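S.K.: Next up is a structure, given as structure tokens.
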Amino acid sequence: MPQCLERSHLQIIREVVKQGTLTAAADALCLSQSALSHAMTKLEDRVGVPLWQKQGRHLQLTDAGKHLLELSNQVLPLMEKAELQLEAWSKGDLGQLRIGVECYPCYHWLQRFLVPFMNRWPNLNVDIKQRFQFCAVEALKRHEVDVVITPDPPKSSQLVFWPVNEYEQVLVTHTSHRFVERTYIDPEALATETLITYPLEPDRLDVFHRFLLPADRQPQAHMEIENTDFLLELVAQGRGVAALPKWLVGYYKDKLPLATISLGEQGIHKELCLGVRVEDQSLPYLSHLVQLASEVPA
């Protein structure tokens with residue numbers, strides 16, 4: 001069979017799955033829909049198997065299409081990383097360090113040591129990737145980021161993690177809330193409360209998967225807020241309670257009437273970890289990043 005698979009085909013497959021429709025994928029890739037369809041039809045003709053099937057307005061990948069999607073998720077991040085590295089070298093830079101932040105409030109902590117890190121490595125381009133519904137650990141495996149900050153490091157032969165900071169996940173209330181006289185609360189106590197969280201799945205929120213769900217309990221209401229300042233403003237106004245790292249609440253206690261209470265008699269104790277791929281762990285700038293992170297308390 002003559003050579004027929006091109007990078008553009010992998011990009012199209014990835015974008016169609018990401019966007020859901022040919023029209024949206026074509027817009028994202030700055031192509032016309034007809035050009036996108038023609039490229040993939042030509043590929044299907046040459047390989048002799050269909051790559052997707054239409055189901056209404058959406059597309060369903062065939063087994064062959066799923067194989068190409070898996071390949072695109074492996075190959076494209078490596079190519080994109082190589083291009084960034086080559087571009088950096090052409091400018092005389094050391095390269096690119098992409099930091100994936102899986103713990104959303106951790107950005108406040110990261111800021112405290114990122115400036116001295118960048119001062120030490122002026123020729124290293126630093127980028128931070130932080131968004132909701134983002135699995136930084138999987139992005140690290142796929143070479144989409146180079147280091148992750150996470151409180152939940154998985155066991156993996158591909159990755160290595162260093163614990164750099166211990167903290168407690170606590171319930172945050174207004175200082176006049178009826179809970180403030182307690183040293184800790186049980187899951188049943190939240191049955192009459194509005195719980196305010198970041199917009200994440202329950203299995204990524206400790207207050208659910210480590211506190212409420214094991215006790216088969218739910219809050220009276222659940223509100224999702226993206227912005228930390230606004231979230232804590234709502235708590236300060238008595239419109240709900242939140243579960244956040246204790247160190248984060250400390251940044252706001254001088255400005256807002258906030259109190260913290262342990263979740264359960266033993267509390268929920270966590271560790272922030274920095275993780276990298278095994279083959280990158282000896283890079284000197286990564287060692288320096290870990291050192292600085294360990295020296296800056298959360």
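Residues are named by chain letter and number: chains run A, B, ... in the order of the structure tokens, numbers start at 1 in each chain, and ligands are numbered from 1 in the order shown.
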DSSP on the backbone: what in region 68-283 of chain A comes out helix (DSSP H, G or I), as a VMD selection string?
M.R.: chain A and resid 68 to 90 106 to 120 136 to 141 178 to 181 187 to 192 202 to 204 206 to 215 228 to 236 246 to 250 278 to 280
S.K.: Within 12 Å of Leu5 (chain A), counting only C-alpha atoms, which residues show up once you throw out same-chain ones fewer than 2 positions away? Write them as a list of chain:residue names, please.
M.R.: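 The contact residues come out as A:Met1, A:Pro2, A:Gln3, A:Arg7, A:Ser8, A:His9, A:Leu10, A:Gln11, A:Ile12, A:Ile13, A:Ala39, A:Met40, A:Lys42, A:Leu43, A:Glu44, A:Asp45, A:Arg46, A:Val47, A:Leu68, A:Leu71, A:Ser72.
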S.K.: Mind giving me the straight-line distance from CA of His67 (chain A) to CA of Gly20 (chain A) in Å, one decimal?
M.R.: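 Computing the Euclidean distance for CA of His67 (chain A) and CA of Gly20 (chain A) yields 17.5 Å.
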S.K.: To test your reading of the structure, identify every residue in region 10-255 of chain A that backbone DSSP assigns to strand (DSSP E), and report it as a ChimeraX atom specification.
M.R.: /A:52-55,58-61,95-101,124-129,147-150,159-174,184-185,194-197,221-224,241-245
S.K.: As an exercise, work out the distance from CA of Leu78 (chain A) to CA of Val16 (chain A) in Å and give it to one decimal place.
M.R.: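 Going from CA of Leu78 (chain A) over to CA of Val16 (chain A), I get 19.7 Å.
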S.K.: Can you write out as CSV which residues of region 65-163 of chain A fall within 9 Å of region 238-262 of chain A, alongside each residue's closest atom pair and its distance in Å to one decimal, counting only C-alpha atoms and ordering rows by chain and ascending residue number?
M.R.:
residue,atom,partner,partner_atom,distance
A:Pro105,CA,A:Leu248,CA,7.1
A:Cys106,CA,A:Leu248,CA,8.3
A:His108,CA,A:Leu248,CA,7.6
A:Trp109,CA,A:Leu248,CA,8.2
S.K.: Generate a file of the selected residues that holds N, CA and C atoms, formatted as a CSV table (one decimal), in the first residue's frame.
M.R.:
chain,number,residue,atom,x,y,z
A,105,PRO,N,-7.3,25.5,43.2
A,105,PRO,CA,-6.8,26.5,44.1
A,105,PRO,C,-5.3,26.6,44.1
A,106,CYS,N,-4.6,25.6,43.7
A,106,CYS,CA,-3.1,25.6,43.8
A,106,CYS,C,-2.4,26.7,43.0
A,108,HIS,N,-2.8,29.8,43.3
A,108,HIS,CA,-2.4,30.8,44.3
A,108,HIS,C,-1.0,30.5,44.9
A,109,TRP,N,-0.8,29.2,45.2
A,109,TRP,CA,0.4,28.8,45.8
A,109,TRP,C,1.6,28.8,44.7
S.K.: Any idea what's packed within 9 Å of Ala191 (chain A), counting only C-alpha atoms, ignoring anything in its chain fewer than 5 positions away? Could you give it as a PyMOL selection string?
M.R.: chain A and resi 217-221
S.K.: Now that the selection is made, can you save its residues with N, CA, C and O atoms as a PDB file, in the first residue's frame?
M.R.:
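Result saved to result_35.pdb:
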ATOM      1  N   ARG A 217     -24.412  10.454  52.194  1.00  0.00           N
ATOM      2  CA  ARG A 217     -25.053  11.728  52.513  1.00  0.00           C
ATOM      3  C   ARG A 217     -24.851  12.713  51.370  1.00  0.00           C
ATOM      4  O   ARG A 217     -23.902  12.611  50.590  1.00  0.00           O
ATOM      5  N   GLN A 218     -25.770  13.682  51.284  1.00  0.00           N
ATOM      6  CA  GLN A 218     -25.692  14.739  50.280  1.00  0.00           C
ATOM      7  C   GLN A 218     -26.012  16.066  50.952  1.00  0.00           C
ATOM      8  O   GLN A 218     -26.727  16.112  51.951  1.00  0.00           O
ATOM      9  N   PRO A 219     -25.481  17.183  50.431  1.00  0.00           N
ATOM     10  CA  PRO A 219     -25.888  18.484  50.965  1.00  0.00           C
ATOM     11  C   PRO A 219     -27.318  18.789  50.554  1.00  0.00           C
ATOM     12  O   PRO A 219     -27.858  18.177  49.620  1.00  0.00           O
ATOM     13  N   GLN A 220     -27.928  19.740  51.231  1.00  0.00           N
ATOM     14  CA  GLN A 220     -29.293  20.129  50.862  1.00  0.00           C
ATOM     15  C   GLN A 220     -29.336  20.686  49.439  1.00  0.00           C
ATOM     16  O   GLN A 220     -30.267  20.428  48.681  1.00  0.00           O
ATOM     17  N   ALA A 221     -28.309  21.449  49.095  1.00  0.00           N
ATOM     18  CA  ALA A 221     -28.202  22.014  47.745  1.00  0.00           C
ATOM     19  C   ALA A 221     -26.729  22.101  47.375  1.00  0.00           C
ATOM     20  O   ALA A 221     -25.855  22.131  48.247  1.00  0.00           O
TER      21      ALA A 221
END
S.K.: Need the shell around region 279-287 of chain A: protein/DNA/RNA residues with any atom at most 12 Å away, counting only C-alpha atoms. Skip same-chain ones fewer than 4 positions apart. Format as a PyMOL selection string?
M.R.: chain A and resi 94-99+114+116-126+140-141+143+145-148+157-162+274-275+291-294
S.K.: Which residue, A:Met79, A:Cys4, A:Cys135, A:Ala35, has the smallest gap to Arg204 (chain A) when you use only C-alpha atoms?
M.R.: A:Cys135
S.K.: Could you list, as a count of residues only, every residue within 9 Å of Ala28 (chain A), counting only C-alpha atoms and ignoring same-chain residues fewer than 3 positions away?
M.R.: 6
S.K.: How many Å separate CA of Leu213 (chain A) from CA of Glu168 (chain A)?
M.R.: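 Between CA of Leu213 (chain A) and CA of Glu168 (chain A) the gap is 18.8 Å.
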